[in-house]
Amino acid sequence: GDSVTQTEGQVALSEEDFLTIHCNYSASGYPALFWYVQYPGEGPQFLFRASRDKEKGSSRGFEATYDKGTTSFHLRKASVQESDSAVYYCALGENNYAQGLTFGLGTRVSVFP
Amino acid sequence: AQTIHQWPVAEIKAVGSPLSLGCTIKGKSSPNLYWYWQATGGTLQQLFYSITVGQVESVVQLNLSASRPKDDQFILSTEKLLLSHSGFYLCAWSPDRGGNTLYFGEGSRLIVV
(Lines give C-alpha, C1' and ligand atoms only; values in the text may rest on other atoms or scores of the structure.)
Protein backbone atom coordinates (compact mmCIF):
# COMPACT_ATOMS: atom_id res chain seq x y z
CA GLY A 1 0.00 0.00 0.00
CA ASP A 2 0.89 3.67 -0.15
CA SER A 3 3.19 4.99 2.54
CA VAL A 4 5.06 8.07 3.65
CA THR A 5 8.34 8.02 5.56
CA GLN A 6 9.58 10.97 7.56
CA THR A 7 13.17 10.40 8.57
CA GLU A 8 13.31 12.74 11.55
CA GLY A 9 11.11 12.05 14.54
CA GLN A 10 12.27 15.13 16.41
CA VAL A 11 14.29 18.19 15.46
CA ALA A 12 15.66 20.80 17.86
CA LEU A 13 16.83 24.12 16.45
CA SER A 14 17.74 27.63 17.47
CA GLU A 15 15.95 30.65 16.01
CA GLU A 16 17.20 31.61 12.54
CA ASP A 17 18.48 28.08 11.90
CA PHE A 18 17.73 26.30 8.63
CA LEU A 19 15.12 23.55 8.85
CA THR A 20 14.95 20.43 6.70
CA ILE A 21 12.51 17.57 7.25
CA HIS A 22 12.95 14.63 4.90
CA CYS A 23 9.88 12.98 3.40
CA ASN A 24 9.92 10.03 1.02
CA TYR A 25 6.91 8.28 -0.36
CA SER A 26 5.93 4.97 -1.88
CA ALA A 27 2.90 4.82 -4.14
CA SER A 28 1.76 2.84 -7.13
CA GLY A 29 0.37 5.81 -8.98
CA TYR A 30 1.22 9.48 -9.31
CA PRO A 31 0.08 10.91 -5.98
CA ALA A 32 -0.39 14.44 -4.78
CA LEU A 33 1.92 15.33 -1.89
CA PHE A 34 1.13 17.54 1.08
CA TRP A 35 2.58 19.16 4.17
CA TYR A 36 0.49 19.82 7.26
CA VAL A 37 1.38 21.48 10.56
CA GLN A 38 -0.24 20.69 13.90
CA TYR A 39 -0.01 22.81 17.05
CA PRO A 40 -0.75 21.29 20.47
CA GLY A 41 -4.43 20.61 21.04
CA GLU A 42 -5.45 21.63 17.52
CA GLY A 43 -6.31 19.92 14.27
CA PRO A 44 -3.70 19.79 11.52
CA GLN A 45 -3.49 22.82 9.25
CA PHE A 46 -2.85 22.51 5.53
CA LEU A 47 0.42 24.15 4.53
CA PHE A 48 0.68 23.41 0.82
CA ARG A 49 0.60 20.68 -1.80
CA ALA A 50 2.22 19.69 -5.09
CA SER A 51 0.77 17.44 -7.76
CA ARG A 52 3.41 17.20 -10.50
CA ASP A 53 7.05 16.35 -10.78
CA LYS A 54 9.30 19.41 -10.10
CA GLU A 55 6.33 21.44 -8.81
CA LYS A 56 7.19 23.55 -5.78
CA GLY A 57 4.72 24.21 -3.03
CA SER A 58 5.22 26.95 -0.48
CA SER A 59 3.53 28.76 2.38
CA ARG A 60 4.58 30.82 5.42
CA GLY A 61 8.25 30.62 4.39
CA PHE A 62 8.17 26.82 4.08
CA GLU A 63 8.72 25.13 0.75
CA ALA A 64 9.08 21.69 -0.81
CA THR A 65 9.62 20.41 -4.32
CA TYR A 66 8.00 17.27 -5.71
CA ASP A 67 10.74 14.95 -6.97
CA LYS A 68 9.40 11.87 -8.69
CA GLY A 69 12.89 10.55 -9.41
CA THR A 70 13.84 10.32 -5.75
CA THR A 71 10.20 9.96 -4.56
CA SER A 72 10.71 12.83 -2.16
CA PHE A 73 9.02 16.00 -0.92
CA HIS A 74 11.42 17.46 1.66
CA LEU A 75 10.25 20.42 3.73
CA ARG A 76 12.63 23.37 4.12
CA LYS A 77 12.62 26.74 5.79
CA ALA A 78 15.56 29.11 5.70
CA SER A 79 15.15 30.82 9.07
CA VAL A 80 12.90 29.33 11.73
CA GLN A 81 11.22 31.19 14.56
CA GLU A 82 10.05 30.00 17.95
CA SER A 83 6.48 30.12 16.62
CA ASP A 84 7.37 27.38 14.11
CA SER A 85 7.53 24.87 16.97
CA ALA A 86 4.94 22.25 16.05
CA VAL A 87 4.52 18.78 14.56
CA TYR A 88 4.84 18.59 10.79
CA TYR A 89 3.25 15.84 8.74
CA CYS A 90 3.96 14.80 5.19
CA ALA A 91 1.03 13.15 3.43
CA LEU A 92 0.04 11.72 0.09
CA GLY A 93 -3.24 11.35 -1.73
CA GLU A 94 -3.92 9.00 -4.57
CA ASN A 95 -5.73 9.97 -7.72
CA ASN A 96 -9.01 8.66 -6.27
CA TYR A 97 -9.57 11.87 -4.40
CA ALA A 98 -12.38 10.53 -2.24
CA GLN A 99 -10.22 8.19 -0.23
CA GLY A 100 -8.42 10.71 1.92
CA LEU A 101 -4.75 11.12 2.70
CA THR A 102 -2.07 8.84 4.10
CA PHE A 103 0.09 10.58 6.69
CA GLY A 104 3.65 10.06 7.82
CA LEU A 105 4.52 9.62 11.48
CA GLY A 106 5.22 13.30 11.92
CA THR A 107 8.25 15.34 12.94
CA ARG A 108 8.24 17.33 16.15
CA VAL A 109 10.10 20.60 15.65
CA SER A 110 11.23 22.56 18.69
CA VAL A 111 12.75 25.98 18.13
CA PHE A 112 14.57 27.63 21.03
CA PRO A 113 15.23 31.37 21.36
CA ALA B 1 -15.94 30.73 3.95
CA GLN B 2 -16.28 27.14 5.07
CA THR B 3 -16.27 26.29 8.74
CA ILE B 4 -16.07 22.90 10.39
CA HIS B 5 -17.15 22.33 13.96
CA GLN B 6 -16.69 19.26 16.12
CA TRP B 7 -18.47 18.32 19.32
CA PRO B 8 -17.87 17.69 22.11
CA VAL B 9 -14.48 19.30 22.58
CA ALA B 10 -13.50 16.70 25.16
CA GLU B 11 -15.02 13.74 26.98
CA ILE B 12 -14.06 11.37 29.76
CA LYS B 13 -15.99 8.12 29.43
CA ALA B 14 -16.03 4.74 31.14
CA VAL B 15 -15.06 1.51 29.42
CA GLY B 16 -18.19 -0.14 28.02
CA SER B 17 -20.16 3.09 27.75
CA PRO B 18 -21.50 4.44 24.43
CA LEU B 19 -19.95 7.28 22.47
CA SER B 20 -21.15 9.74 19.89
CA LEU B 21 -18.92 12.39 18.31
CA GLY B 22 -20.22 14.86 15.78
CA CYS B 23 -18.96 17.09 13.04
CA THR B 24 -20.76 19.79 11.07
CA ILE B 25 -19.51 21.72 8.08
CA LYS B 26 -21.02 24.99 6.97
CA GLY B 27 -20.53 26.91 3.76
CA LYS B 28 -19.86 23.96 1.48
CA SER B 29 -22.41 21.76 -0.21
CA SER B 30 -21.74 18.08 -0.87
CA PRO B 31 -18.31 17.92 0.74
CA ASN B 32 -16.38 14.70 1.18
CA LEU B 33 -16.14 14.06 4.92
CA TYR B 34 -13.56 12.08 6.88
CA TRP B 35 -12.88 10.77 10.36
CA TYR B 36 -9.30 10.40 11.57
CA TRP B 37 -7.98 9.14 14.90
CA GLN B 38 -4.75 10.19 16.55
CA ALA B 39 -3.24 8.47 19.57
CA THR B 40 -1.33 10.77 21.92
CA GLY B 41 1.92 11.61 20.18
CA GLY B 42 0.91 9.51 17.17
CA THR B 43 0.14 9.96 13.54
CA LEU B 44 -3.23 10.39 11.86
CA GLN B 45 -5.09 7.17 11.11
CA GLN B 46 -8.01 7.40 8.72
CA LEU B 47 -11.15 5.66 9.98
CA PHE B 48 -14.02 6.47 7.60
CA TYR B 49 -14.95 8.65 4.68
CA SER B 50 -18.18 9.68 3.03
CA ILE B 51 -18.84 11.27 -0.33
CA THR B 52 -22.61 11.63 0.02
CA VAL B 53 -25.49 11.44 2.47
CA GLY B 54 -26.16 7.94 3.72
CA GLN B 55 -22.97 6.50 2.25
CA VAL B 56 -19.96 5.74 4.47
CA GLU B 57 -16.85 3.76 3.63
CA SER B 58 -14.73 2.14 6.32
CA VAL B 59 -10.94 2.29 6.17
CA VAL B 60 -10.10 1.01 9.65
CA GLN B 61 -13.00 0.28 11.96
CA LEU B 62 -11.47 -0.02 15.43
CA ASN B 63 -14.89 -1.19 16.69
CA LEU B 64 -16.39 2.17 15.68
CA SER B 65 -19.09 3.09 13.21
CA ALA B 66 -19.89 6.23 11.28
CA SER B 67 -22.97 7.71 9.69
CA ARG B 68 -23.81 10.69 7.52
CA PRO B 69 -27.42 11.61 8.25
CA LYS B 70 -27.26 15.01 6.53
CA ASP B 71 -25.14 16.59 3.83
CA ASP B 72 -23.33 18.72 6.39
CA GLN B 73 -23.07 16.24 9.28
CA PHE B 74 -20.83 13.27 10.06
CA ILE B 75 -21.23 11.17 13.21
CA LEU B 76 -18.78 8.73 14.80
CA SER B 77 -20.13 6.31 17.39
CA THR B 78 -19.80 3.07 19.27
CA GLU B 79 -22.01 1.23 21.72
CA LYS B 80 -19.15 0.03 23.91
CA LEU B 81 -15.96 1.95 24.43
CA LEU B 82 -12.59 0.27 24.88
CA LEU B 83 -9.52 1.70 26.58
CA SER B 84 -7.85 1.71 23.16
CA HIS B 85 -10.39 4.24 21.89
CA SER B 86 -8.70 7.00 23.85
CA GLY B 87 -7.17 9.69 21.66
CA PHE B 88 -7.90 12.67 19.48
CA TYR B 89 -10.65 12.37 16.88
CA LEU B 90 -10.49 14.65 13.91
CA CYS B 91 -13.13 15.36 11.32
CA ALA B 92 -12.05 16.76 7.97
CA TRP B 93 -13.67 17.86 4.73
CA SER B 94 -12.52 18.02 1.15
CA PRO B 95 -14.08 19.65 -1.90
CA ASP B 96 -16.10 17.20 -3.91
CA ARG B 97 -13.88 18.03 -6.84
CA GLY B 98 -10.36 19.36 -7.09
CA GLY B 99 -9.42 16.58 -4.81
CA ASN B 100 -7.42 15.49 -1.90
CA THR B 101 -6.70 18.54 0.23
CA LEU B 102 -8.21 17.97 3.66
CA TYR B 103 -9.29 20.73 6.02
CA PHE B 104 -9.52 19.60 9.62
CA GLY B 105 -11.72 20.59 12.50
CA GLU B 106 -10.44 21.42 15.95
CA GLY B 107 -10.82 17.83 17.16
CA SER B 108 -12.48 15.98 20.03
CA ARG B 109 -10.32 14.65 22.85
CA LEU B 110 -11.52 11.34 24.30
CA ILE B 111 -10.23 9.73 27.45
CA VAL B 112 -11.56 6.27 28.27
CA VAL B 113 -11.12 5.16 31.88
# chains A, B, ... in the order shown; residues from 1 in each chain; ligands from 1
$ interface_residues --of "chain A" --to "chain B" --cutoff "10 Å" --atoms "only C-alpha atoms" --output "PyMOL selection string"
chain A and resi 31-34+36+41-46+48-49+87+89+91-108
$ write_last_selection --atoms "N, CA, C and O atoms" --output "short mmCIF file (atom, residue, chain, number, x, y, z; two decimals), in the first residue's frame"
data_model
loop_
_atom_site.label_atom_id
_atom_site.label_comp_id
_atom_site.auth_asym_id
_atom_site.auth_seq_id
_atom_site.Cartn_x
_atom_site.Cartn_y
_atom_site.Cartn_z
N PRO A 31 0.88 10.27 -7.03
CA PRO A 31 0.08 10.91 -5.98
C PRO A 31 0.31 12.41 -5.88
O PRO A 31 1.32 12.93 -6.36
N ALA A 32 -0.61 13.07 -5.23
CA ALA A 32 -0.39 14.44 -4.78
C ALA A 32 0.29 14.37 -3.42
O ALA A 32 0.05 13.45 -2.65
N LEU A 33 1.16 15.32 -3.14
CA LEU A 33 1.92 15.33 -1.89
C LEU A 33 1.60 16.60 -1.10
O LEU A 33 1.38 17.67 -1.70
N PHE A 34 1.60 16.46 0.22
CA PHE A 34 1.13 17.54 1.08
C PHE A 34 2.06 17.71 2.29
O PHE A 34 2.71 16.75 2.73
N TYR A 36 1.39 19.28 6.26
CA TYR A 36 0.49 19.82 7.26
C TYR A 36 1.30 20.17 8.50
O TYR A 36 2.33 19.55 8.78
N GLY A 41 -3.01 20.49 20.76
CA GLY A 41 -4.43 20.61 21.04
C GLY A 41 -5.28 21.06 19.88
O GLY A 41 -6.48 21.31 20.05
N GLU A 42 -4.70 21.16 18.69
CA GLU A 42 -5.45 21.63 17.52
C GLU A 42 -5.45 20.58 16.42
O GLU A 42 -4.64 19.65 16.42
N GLY A 43 -6.35 20.76 15.45
CA GLY A 43 -6.31 19.92 14.27
C GLY A 43 -5.21 20.34 13.34
O GLY A 43 -4.74 21.49 13.38
N PRO A 44 -4.75 19.44 12.48
CA PRO A 44 -3.70 19.79 11.52
C PRO A 44 -4.16 20.89 10.58
O PRO A 44 -5.32 20.93 10.17
N GLN A 45 -3.21 21.75 10.21
CA GLN A 45 -3.49 22.82 9.25
C GLN A 45 -2.76 22.51 7.95
O GLN A 45 -1.58 22.15 7.96
N PHE A 46 -3.45 22.69 6.85
CA PHE A 46 -2.85 22.51 5.53
C PHE A 46 -1.83 23.60 5.27
O PHE A 46 -2.12 24.79 5.43
N PHE A 48 0.70 23.32 2.28
CA PHE A 48 0.68 23.41 0.82
C PHE A 48 0.74 22.01 0.22
O PHE A 48 0.93 21.01 0.94
N ARG A 49 0.57 21.95 -1.08
CA ARG A 49 0.60 20.68 -1.80
C ARG A 49 1.33 20.84 -3.12
O ARG A 49 1.55 21.97 -3.60
N VAL A 87 4.29 20.07 15.22
CA VAL A 87 4.52 18.78 14.56
C VAL A 87 4.16 18.93 13.09
O VAL A 87 3.09 19.47 12.77
N TYR A 89 3.59 17.11 9.36
CA TYR A 89 3.25 15.84 8.74
C TYR A 89 3.33 15.96 7.23
O TYR A 89 2.78 16.89 6.63
N ALA A 91 2.15 14.03 3.77
CA ALA A 91 1.03 13.15 3.43
C ALA A 91 0.94 12.98 1.93
O ALA A 91 1.44 13.81 1.16
N LEU A 92 0.30 11.90 1.52
CA LEU A 92 0.04 11.72 0.09
C LEU A 92 -1.40 11.33 -0.14
O LEU A 92 -2.06 10.74 0.72
N GLY A 93 -1.88 11.70 -1.33
CA GLY A 93 -3.24 11.35 -1.73
C GLY A 93 -3.22 10.77 -3.12
O GLY A 93 -2.61 11.32 -4.02
N GLU A 94 -3.88 9.64 -3.26
CA GLU A 94 -3.92 9.00 -4.57
C GLU A 94 -4.90 9.71 -5.48
O GLU A 94 -5.66 10.58 -5.07
N ASN A 95 -4.89 9.31 -6.74
CA ASN A 95 -5.73 9.97 -7.72
C ASN A 95 -7.22 9.84 -7.41
O ASN A 95 -8.01 10.68 -7.81
N ASN A 96 -7.61 8.79 -6.71
CA ASN A 96 -9.01 8.66 -6.27
C ASN A 96 -9.20 9.61 -5.10
O ASN A 96 -8.98 9.27 -3.96
N TYR A 97 -9.60 10.81 -5.39
CA TYR A 97 -9.57 11.87 -4.40
C TYR A 97 -10.45 11.60 -3.19
O TYR A 97 -10.27 12.19 -2.16
N ALA A 98 -11.44 10.72 -3.33
CA ALA A 98 -12.38 10.53 -2.24
C ALA A 98 -11.78 9.78 -1.07
O ALA A 98 -12.32 9.82 0.03
N GLN A 99 -10.66 9.12 -1.26
CA GLN A 99 -10.22 8.19 -0.23
C GLN A 99 -9.35 8.81 0.85
O GLN A 99 -8.87 8.10 1.71
N GLY A 100 -9.16 10.09 0.83
CA GLY A 100 -8.42 10.71 1.92
C GLY A 100 -6.92 10.61 1.74
O GLY A 100 -6.42 10.17 0.71
N LEU A 101 -6.20 11.03 2.75
CA LEU A 101 -4.75 11.12 2.70
C LEU A 101 -4.10 10.11 3.64
O LEU A 101 -4.65 9.76 4.69
N THR A 102 -2.90 9.67 3.24
CA THR A 102 -2.07 8.84 4.10
C THR A 102 -0.98 9.72 4.68
O THR A 102 -0.25 10.38 3.94
N PHE A 103 -0.86 9.70 6.00
CA PHE A 103 0.09 10.58 6.69
C PHE A 103 1.33 9.84 7.15
O PHE A 103 1.27 8.65 7.48
N GLY A 104 2.46 10.57 7.19
CA GLY A 104 3.65 10.06 7.82
C GLY A 104 3.53 10.12 9.33
O GLY A 104 2.51 10.57 9.87
N LEU A 105 4.57 9.67 10.02
CA LEU A 105 4.52 9.62 11.48
C LEU A 105 4.66 10.98 12.14
O LEU A 105 4.40 11.13 13.33
N GLY A 106 5.09 11.96 11.38
CA GLY A 106 5.22 13.30 11.92
C GLY A 106 6.62 13.59 12.44
O GLY A 106 7.36 12.69 12.84
N THR A 107 6.97 14.86 12.42
CA THR A 107 8.25 15.34 12.94
C THR A 107 7.99 16.48 13.91
O THR A 107 7.40 17.49 13.53
N ARG A 108 8.41 16.28 15.14
CA ARG A 108 8.24 17.33 16.15
C ARG A 108 9.40 18.30 16.05
O ARG A 108 10.57 17.91 16.24
#
$ residues_around --residues "Ile21 in chain A" --least-positions-apart "2" --cutoff "7 Å" --atoms "only C-alpha atoms" --output "number ranges by chain"
A: 8, 19, 23, 74-76
$ residues_around --residues "Ala50 in chain A" --least-positions-apart "4" --cutoff "9 Å" --atoms "only C-alpha atoms" --output "mmCIF file with N, CA and C atoms, in the first residue's frame"
data_model
loop_
_atom_site.group_PDB
_atom_site.id
_atom_site.type_symbol
_atom_site.label_atom_id
_atom_site.label_comp_id
_atom_site.auth_asym_id
_atom_site.auth_seq_id
_atom_site.Cartn_x
_atom_site.Cartn_y
_atom_site.Cartn_z
ATOM 1 N N ALA A 32 -0.614 13.069 -5.234
ATOM 2 C CA ALA A 32 -0.394 14.440 -4.784
ATOM 3 C C ALA A 32 0.293 14.370 -3.422
ATOM 4 N N LEU A 33 1.156 15.324 -3.140
ATOM 5 C CA LEU A 33 1.921 15.334 -1.894
ATOM 6 C C LEU A 33 1.599 16.598 -1.103
ATOM 7 N N PHE A 34 1.600 16.461 0.218
ATOM 8 C CA PHE A 34 1.134 17.537 1.084
ATOM 9 C C PHE A 34 2.064 17.705 2.288
ATOM 10 N N LYS A 54 8.574 18.125 -10.084
ATOM 11 C CA LYS A 54 9.299 19.405 -10.103
ATOM 12 C C LYS A 54 8.416 20.587 -9.653
ATOM 13 N N GLU A 55 7.167 20.353 -9.315
ATOM 14 C CA GLU A 55 6.327 21.436 -8.812
ATOM 15 C C GLU A 55 6.751 21.806 -7.392
ATOM 16 N N LYS A 56 6.831 23.092 -7.111
ATOM 17 C CA LYS A 56 7.187 23.547 -5.783
ATOM 18 C C LYS A 56 5.944 24.077 -5.095
ATOM 19 N N GLY A 57 5.769 23.650 -3.865
ATOM 20 C CA GLY A 57 4.725 24.210 -3.029
ATOM 21 C C GLY A 57 5.376 25.080 -1.967
ATOM 22 N N ALA A 64 8.681 23.054 -0.466
ATOM 23 C CA ALA A 64 9.079 21.688 -0.807
ATOM 24 C C ALA A 64 8.872 21.498 -2.292
ATOM 25 N N THR A 65 9.717 20.672 -2.894
ATOM 26 C CA THR A 65 9.621 20.406 -4.321
ATOM 27 C C THR A 65 9.367 18.929 -4.554
ATOM 28 N N TYR A 66 8.361 18.643 -5.340
ATOM 29 C CA TYR A 66 7.997 17.274 -5.706
ATOM 30 C C TYR A 66 9.101 16.704 -6.598
ATOM 31 N N PHE A 73 9.731 14.708 -1.044
ATOM 32 C CA PHE A 73 9.020 15.995 -0.924
ATOM 33 C C PHE A 73 9.509 16.623 0.384
#
